[in-house]
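Raw work-v4.cif, mmCIF, C-alpha atoms:
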```cif
data_final
loop_
_atom_site.label_atom_id
_atom_site.label_comp_id
_atom_site.auth_asym_id
_atom_site.auth_seq_id
_atom_site.Cartn_x
_atom_site.Cartn_y
_atom_site.Cartn_z
CA MET A 222 50.08 -29.68 27.25
CA LYS A 223 52.19 -32.43 25.81
CA TYR A 224 50.73 -35.74 24.73
CA ILE A 225 52.27 -38.84 23.24
CA LEU A 226 50.33 -40.67 20.52
CA MET A 227 51.46 -44.27 20.29
CA MET A 228 50.85 -46.61 17.41
CA ASN A 229 51.06 -50.19 18.69
CA THR A 230 51.10 -53.39 16.73
CA MET A 231 51.37 -57.10 17.38
CA ARG A 232 54.18 -58.99 15.70
CA ALA A 233 51.66 -61.09 13.77
CA GLY A 234 49.88 -57.97 12.51
CA HIS A 235 53.07 -56.28 11.47
CA GLY A 236 52.53 -57.00 7.77
CA VAL A 237 53.37 -53.53 6.49
CA PRO A 238 56.40 -54.62 4.39
CA GLU A 239 54.16 -57.05 2.49
CA TRP A 240 51.71 -54.37 1.33
CA PRO A 241 51.67 -53.60 -2.39
CA GLN A 242 54.21 -50.85 -3.03
CA LYS A 243 51.52 -48.44 -4.25
CA ASP A 244 49.58 -48.78 -0.97
CA LEU A 245 52.74 -48.37 1.06
CA ARG A 246 53.54 -45.15 -0.82
CA THR A 247 50.02 -43.80 -0.22
CA HIS A 248 50.36 -44.61 3.48
CA ILE A 249 53.76 -42.92 3.79
CA ALA A 250 52.53 -39.86 1.87
CA PHE A 251 49.58 -39.57 4.26
CA MET A 252 51.86 -39.73 7.31
CA MET A 253 54.24 -37.16 5.82
CA THR A 254 51.34 -34.79 5.13
CA LEU A 255 50.08 -35.25 8.70
CA ASN A 256 53.53 -34.46 10.11
CA LYS A 257 53.84 -31.44 7.83
CA GLU A 258 50.47 -30.09 9.00
CA LEU A 259 51.42 -30.58 12.66
CA ARG A 260 54.77 -28.90 12.07
CA GLU A 261 53.06 -25.93 10.40
CA SER A 262 50.52 -25.57 13.21
CA GLY A 263 53.41 -25.60 15.69
CA GLU A 264 52.04 -28.67 17.47
CA LEU A 265 54.65 -31.26 16.48
CA VAL A 266 57.35 -31.92 19.07
CA SER A 267 58.73 -35.10 17.52
CA ALA A 268 57.69 -38.10 15.48
CA GLU A 269 59.65 -41.30 15.04
CA GLY A 270 59.15 -44.73 13.56
CA LEU A 271 60.79 -47.68 15.27
CA SER A 272 62.52 -50.63 13.66
CA PHE A 273 60.58 -53.88 13.38
CA PRO A 274 59.87 -56.14 16.39
CA GLU A 275 62.43 -58.73 15.15
CA GLN A 276 65.14 -56.30 16.24
CA ALA A 277 63.61 -55.63 19.65
CA ARG A 278 65.42 -56.88 22.78
CA LEU A 279 64.27 -57.03 26.35
CA VAL A 280 67.08 -56.15 28.75
CA ARG A 281 67.40 -56.85 32.46
CA ALA A 282 70.34 -56.25 34.76
CA GLY A 283 72.17 -59.41 35.80
CA LYS A 284 73.67 -59.85 39.28
CA ASN A 285 76.79 -57.81 38.61
CA GLY A 286 74.95 -55.21 36.55
CA THR A 287 75.74 -56.77 33.16
CA PRO A 288 72.83 -56.61 30.71
CA VAL A 289 70.92 -59.83 30.03
CA THR A 290 69.11 -59.64 26.72
CA ASP A 291 66.13 -61.62 25.53
CA GLY A 292 64.40 -61.41 22.18
CA VAL A 293 61.65 -63.95 22.64
CA PHE A 294 58.26 -62.38 23.07
CA PRO A 295 54.78 -63.89 23.37
CA GLU A 296 52.80 -63.74 20.11
CA SER A 297 50.23 -61.49 21.80
CA LYS A 298 52.76 -58.84 22.85
CA GLU A 299 52.08 -55.37 21.53
CA PHE A 300 55.04 -53.48 20.08
CA LEU A 301 55.40 -49.76 19.66
CA ALA A 302 55.63 -49.14 15.90
CA GLY A 303 55.99 -45.39 16.09
CA TYR A 304 54.88 -42.31 17.97
CA TRP A 305 54.12 -38.61 17.78
CA ILE A 306 54.66 -36.13 20.60
CA VAL A 307 52.40 -33.12 20.22
CA ASP A 308 52.03 -29.93 22.21
CA VAL A 309 48.34 -29.02 22.09
CA ASP A 310 45.74 -26.90 23.92
CA SER A 311 43.51 -29.74 25.06
CA ALA A 312 43.12 -33.50 25.28
CA GLU A 313 40.36 -33.24 22.64
CA ARG A 314 42.84 -31.82 20.13
CA ALA A 315 45.24 -34.71 20.89
CA TYR A 316 42.37 -37.15 20.30
CA ALA A 317 41.49 -35.44 17.00
CA ILE A 318 45.09 -35.81 15.79
CA ALA A 319 45.12 -39.44 16.94
CA ALA A 320 41.90 -40.10 15.02
CA LYS A 321 43.47 -38.65 11.91
CA ALA A 322 46.54 -40.89 12.28
CA SER A 323 44.21 -43.83 13.02
CA ALA A 324 42.49 -43.38 9.68
CA ALA A 325 45.75 -43.57 7.68
CA PRO A 326 45.25 -45.53 4.46
CA GLY A 327 46.21 -49.21 4.43
CA PRO A 328 46.05 -51.90 1.74
CA GLY A 329 43.79 -50.81 -1.13
CA GLY A 330 43.72 -47.30 0.33
CA ALA A 331 41.07 -48.21 2.93
CA PRO A 332 41.44 -46.46 6.32
CA LEU A 333 43.26 -48.69 8.80
CA ASN A 334 41.35 -47.28 11.81
CA MET A 335 44.12 -48.63 14.00
CA PRO A 336 43.97 -47.82 17.72
CA ILE A 337 46.27 -45.02 18.85
CA GLU A 338 47.08 -44.78 22.56
CA VAL A 339 47.07 -41.18 23.83
CA ARG A 340 48.83 -40.28 27.09
CA PRO A 341 49.72 -36.99 28.76
CA ILE A 342 53.47 -36.51 29.27
CA MET A 343 54.66 -35.56 32.73
CA SER A 344 56.71 -32.40 32.79
CA GLY A 345 58.88 -33.87 35.56
CA PRO A 346 58.66 -35.97 38.70
CA PRO A 347 56.02 -34.88 41.23
CA PRO A 348 57.43 -32.03 43.39
CA GLU A 349 57.24 -34.13 46.58
CA MET A 350 59.74 -36.54 45.06
CA LEU A 351 62.44 -33.99 44.36
CA MET B 585 72.62 -45.02 16.06
CA LYS B 586 69.56 -44.01 17.96
CA TYR B 587 67.81 -46.40 20.28
CA ILE B 588 64.72 -46.00 22.43
CA LEU B 589 64.65 -47.70 25.83
CA LEU B 590 61.07 -48.40 26.84
CA MET B 591 59.99 -49.03 30.43
CA SER B 592 56.56 -50.64 30.66
CA GLY B 593 54.37 -51.88 33.48
CA THR B 594 50.82 -52.74 34.47
CA SER B 595 48.40 -50.63 36.56
CA ALA B 596 48.99 -53.00 39.50
CA GLY B 597 52.74 -52.44 39.20
CA VAL B 598 52.31 -48.66 39.20
CA GLU B 599 50.13 -48.85 42.34
CA ALA B 600 52.70 -51.05 44.07
CA TYR B 601 55.42 -48.50 43.21
CA HIS B 602 53.37 -45.65 44.67
CA ALA B 603 53.08 -47.68 47.89
CA TRP B 604 56.91 -47.85 48.28
CA PRO B 605 58.32 -46.04 51.34
CA LYS B 606 59.16 -42.44 50.47
CA GLU B 607 62.91 -42.93 50.97
CA ASP B 608 62.93 -45.87 48.55
CA ILE B 609 61.18 -43.80 45.89
CA GLU B 610 63.64 -40.97 46.49
CA ALA B 611 66.61 -43.35 46.19
CA HIS B 612 65.15 -44.75 42.97
CA MET B 613 64.61 -41.28 41.49
CA ALA B 614 68.13 -40.24 42.50
CA VAL B 615 69.68 -43.16 40.60
CA LEU B 616 67.60 -42.38 37.50
CA TRP B 617 68.65 -38.72 37.68
CA ARG B 618 72.26 -39.86 37.97
CA ILE B 619 71.91 -42.04 34.85
CA ASN B 620 70.47 -39.07 32.92
CA GLN B 621 73.34 -36.92 34.09
CA ASP B 622 75.95 -39.52 33.06
CA LEU B 623 74.35 -39.87 29.61
CA THR B 624 74.30 -36.10 29.19
CA GLU B 625 78.00 -35.90 30.08
CA SER B 626 78.91 -38.72 27.65
CA GLY B 627 76.94 -36.99 24.88
CA GLU B 628 74.66 -39.99 24.42
CA PHE B 629 71.51 -38.41 25.84
CA VAL B 630 68.77 -37.43 23.36
CA ALA B 631 65.56 -37.32 25.42
CA THR B 632 63.70 -38.88 28.30
CA GLN B 633 60.10 -38.60 29.44
CA GLY B 634 57.87 -40.09 32.07
CA LEU B 635 54.24 -40.55 31.08
CA ALA B 636 51.18 -39.84 33.19
CA GLY B 637 49.58 -42.93 34.75
CA PRO B 638 47.49 -45.53 32.93
CA ARG B 639 44.27 -44.05 34.38
CA GLU B 640 44.73 -41.06 32.10
CA ALA B 641 45.38 -43.17 29.01
CA LYS B 642 42.88 -43.25 26.16
CA VAL B 643 42.82 -45.32 23.02
CA VAL B 644 41.57 -43.42 19.98
CA ARG B 645 40.28 -44.71 16.67
CA GLY B 646 39.02 -42.69 13.74
CA GLU B 647 35.39 -43.23 12.85
CA LYS B 648 34.22 -43.19 9.22
CA ASN B 649 33.70 -39.42 9.29
CA GLY B 650 37.05 -38.88 11.04
CA VAL B 651 35.48 -38.23 14.45
CA PRO B 652 37.68 -39.60 17.23
CA VAL B 653 36.24 -42.43 19.31
CA THR B 654 37.95 -42.75 22.68
CA ASP B 655 38.07 -45.67 25.02
CA GLY B 656 39.70 -45.78 28.43
CA ILE B 657 38.90 -49.27 29.65
CA PHE B 658 41.87 -51.62 29.55
CA PRO B 659 42.37 -55.21 30.72
CA GLU B 660 44.24 -55.47 34.04
CA SER B 661 47.06 -57.31 32.31
CA LYS B 662 47.69 -54.56 29.76
CA GLU B 663 51.21 -53.18 29.81
CA PHE B 664 51.52 -49.42 29.63
CA LEU B 665 54.53 -47.40 28.66
CA LEU B 666 55.71 -45.69 31.86
CA GLY B 667 58.60 -43.77 30.40
CA TYR B 668 61.43 -43.85 27.89
CA TRP B 669 64.99 -42.82 27.19
CA ILE B 670 66.31 -42.03 23.72
CA VAL B 671 70.06 -42.49 23.40
CA ASP B 672 72.50 -42.00 20.54
CA VAL B 673 75.17 -44.68 20.90
CA PRO B 674 77.81 -46.40 18.72
CA ASN B 675 76.24 -49.88 18.96
CA ALA B 676 73.43 -52.04 20.32
CA GLU B 677 75.64 -53.39 23.14
CA ARG B 678 76.03 -49.89 24.56
CA ALA B 679 72.23 -49.42 24.43
CA TYR B 680 71.81 -52.76 26.25
CA ALA B 681 74.35 -51.69 28.90
CA ILE B 682 72.41 -48.48 29.58
CA ALA B 683 69.14 -50.44 29.68
CA GLY B 684 70.76 -52.86 32.16
CA ARG B 685 71.70 -49.97 34.40
CA ILE B 686 68.17 -48.55 34.31
CA SER B 687 66.78 -52.03 34.98
CA ALA B 688 69.07 -52.51 37.98
CA ALA B 689 67.92 -49.16 39.37
CA SER B 690 64.27 -50.19 39.02
CA THR B 691 63.80 -53.59 40.70
CA ASN B 692 65.19 -55.36 37.61
CA ILE B 693 62.14 -54.38 35.54
CA PRO B 694 62.75 -55.45 31.92
CA ILE B 695 63.54 -52.61 29.50
CA GLU B 696 62.63 -53.00 25.82
CA VAL B 697 65.36 -51.72 23.51
CA ARG B 698 64.46 -50.71 19.96
CA GLN B 699 66.40 -49.03 17.20
CA PHE B 700 64.84 -46.11 15.35
CA ALA B 701 63.79 -46.88 11.80
CA THR B 702 66.26 -45.47 9.28
CA HIS B 703 63.48 -43.53 7.57
CA GLU B 704 62.95 -41.55 10.78
CA THR B 705 61.16 -38.23 10.46
CA LYS B 706 62.25 -35.24 12.42
CA SER B 707 60.46 -32.07 13.35
#
```
Now that the file is in, can you turn its structure into structure tokens?
Amino acid sequence: MKYILMMNTMRAGHGVPEWPQKDLRTHIAFMMTLNKELRESGELVSAEGLSFPEQARLVRAGKNGTPVTDGVFPESKEFLAGYWIVDVDSAERAYAIAAKASAAPGPGGAPLNMPIEVRPIMSGPPPEML
Amino acid sequence: MKYILLMSGTSAGVEAYHAWPKEDIEAHMAVLWRINQDLTESGEFVATQGLAGPREAKVVRGEKNGVPVTDGIFPESKEFLLGYWIVDVPNAERAYAIAGRISAASTNIPIEVRQFATHETKS
């Protein structure tokens, strides 16, 4: 079963670039080890980090189909910072991986305990819609 | 450059979609399939996925001892990721054009467009 593990952040809380370099290195090393472990166990499908919210755009189709972009978001909006897609035997295993990612070290090496949203991935549209 | 096109919505929005007449849902799905096909043919397609509904979502935090703590109760107003497209395109404008097409196919729902971080990790 495939699950997506999503790390969300608010723009205001997106202070990662301001962390002391040492803490940032520890954090990145932790994430790389986690990805390596998941790759070795055969559970990692993909993992990506996204660029910062400043570069995010919201796009809608205009009348003639041309894209209308907007980059102004409410302060409270949550942004996807990065995600993992894992292929695991059970939801519990997906939660265990999410908990591990949640406890990634932050400033001063203390666990961030950030919330990670876990969702099953659909293998395709429901059969009645094909 | 790789971009991810994120389609989000609330639980209420998902329920409203499920209440659409069957032929409208079929027409909607057909347009999305067509977009995927066009992107595959142009070589811009990387991946797309639909996610299971918000009712099956859980938020996990690590406790002190590393034990996962799950929570599945969300405010009504919370936006959930419904699905995404990853495209590999020459510039942001092309990503916006694809997002516009997806938006037009889906009741003009806004699509969030984000570039992958350059330090991306791959499996």
Find the residues near Leu259 in chain A: any atom within 12 Å, counting all atoms listed in the file, skip ones fewer than 5 places away on the same chain, and give them as a short mmCIF file (atom, residue, chain, number, x, y, z; two decimals) with C-alpha atoms, keeping the file's coordinate frame.
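Saved to around.cif:
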```cif
data_model
loop_
_atom_site.label_atom_id
_atom_site.label_comp_id
_atom_site.auth_asym_id
_atom_site.auth_seq_id
_atom_site.Cartn_x
_atom_site.Cartn_y
_atom_site.Cartn_z
CA MET A 252 51.86 -39.73 7.31
CA MET A 253 54.24 -37.16 5.82
CA THR A 254 51.34 -34.79 5.13
CA GLU A 264 52.04 -28.67 17.47
CA LEU A 265 54.65 -31.26 16.48
CA VAL A 266 57.35 -31.92 19.07
CA SER A 267 58.73 -35.10 17.52
CA ALA A 268 57.69 -38.10 15.48
CA TRP A 305 54.12 -38.61 17.78
CA ILE A 306 54.66 -36.13 20.60
CA VAL A 307 52.40 -33.12 20.22
CA ASP A 308 52.03 -29.93 22.21
CA VAL A 309 48.34 -29.02 22.09
CA ARG A 314 42.84 -31.82 20.13
CA ALA A 315 45.24 -34.71 20.89
CA ALA A 317 41.49 -35.44 17.00
CA ILE A 318 45.09 -35.81 15.79
CA ALA A 319 45.12 -39.44 16.94
CA LYS A 321 43.47 -38.65 11.91
CA ALA A 322 46.54 -40.89 12.28
CA LYS B 706 62.25 -35.24 12.42
CA SER B 707 60.46 -32.07 13.35
#
```
Open item on the list: With the PyMOL selection byres ((chain A) within 7 of (chain B)) as the selection, what would be picked from this file? Answer as an MDAnalysis selection string, please.
Closed with: chainID A and resid 260 265:272 276:282 286:288 316:317 319:321 323:324 334:343 350
Task: Two-atom distance - CA of His602 in chain B, CA of Lys223 in chain A (Å) - done: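 Between these atoms lies a distance of 23.1 Å.
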Open item on the list: Taking the file as I've supplied it (selection: the PyMOL selection byres ((chain A and resi 293) around 10)), which residues are included? Please answer as a list in words.
Closed with: Glu275, Ala277, Arg278, Leu279, Thr290, Asp291, Gly292, Phe294, Pro295 and Glu296 of chain A
Task: Interatomic distance (Å, one decimal) between CA of Ile249 in chain A and CA of Phe300 in chain A - done: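 Rounded to one decimal, the two atoms are 19.5 Å apart.
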- [ ] Write out as a PyMOL selection string which residues come within 8 Å of Leu301 in chain A when counting all atoms listed in the file, dropping same-chain ones fewer than 5 positions away.
- [x] chain A and resi 227-230+271
Go ahead and save the picked residues with C-alpha atoms, as a JSON list (two decimals), in the coordinates of the input.
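The file below, part_20.json, is the result:
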```
[["chain", "number", "residue", "atom", "x", "y", "z"],
["A", 227, "MET", "CA", 51.46, -44.27, 20.29],
["A", 228, "MET", "CA", 50.85, -46.61, 17.41],
["A", 229, "ASN", "CA", 51.06, -50.19, 18.69],
["A", 230, "THR", "CA", 51.10, -53.39, 16.73],
["A", 271, "LEU", "CA", 60.79, -47.68, 15.27]]
```
Task: Interatomic distance (Å, one decimal) between CA of Asp310 in chain A and CA of Met222 in chain A - done: 6.1 Å
- [ ] Please evaluate the PyMOL selection byres ((chain B and resi 671) around 7) against the displayed coordinates and give the resulting residues as a list in words.
- [x] Lys586, Tyr587, Ile588, Glu628, Phe629, Val630, Trp669, Ile670, Asp672 and Val673 of chain B
Dump as a compact mmCIF listing (two decimals), in the coordinates of the input, selection limited to C-alpha atoms:
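Below is the file again27.txt, written as the result:
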```txt
# COMPACT_ATOMS: atom_id res chain seq x y z
CA LYS B 586 69.56 -44.01 17.96
CA TYR B 587 67.81 -46.40 20.28
CA ILE B 588 64.72 -46.00 22.43
CA GLU B 628 74.66 -39.99 24.42
CA PHE B 629 71.51 -38.41 25.84
CA VAL B 630 68.77 -37.43 23.36
CA TRP B 669 64.99 -42.82 27.19
CA ILE B 670 66.31 -42.03 23.72
CA ASP B 672 72.50 -42.00 20.54
CA VAL B 673 75.17 -44.68 20.90
```
Task: Among the residues B:Gly627, B:Pro605, B:Tyr668, B:Val615, the one that comes closest to Ser592 in chain B [using all atoms listed in the file] - done: B:Tyr668
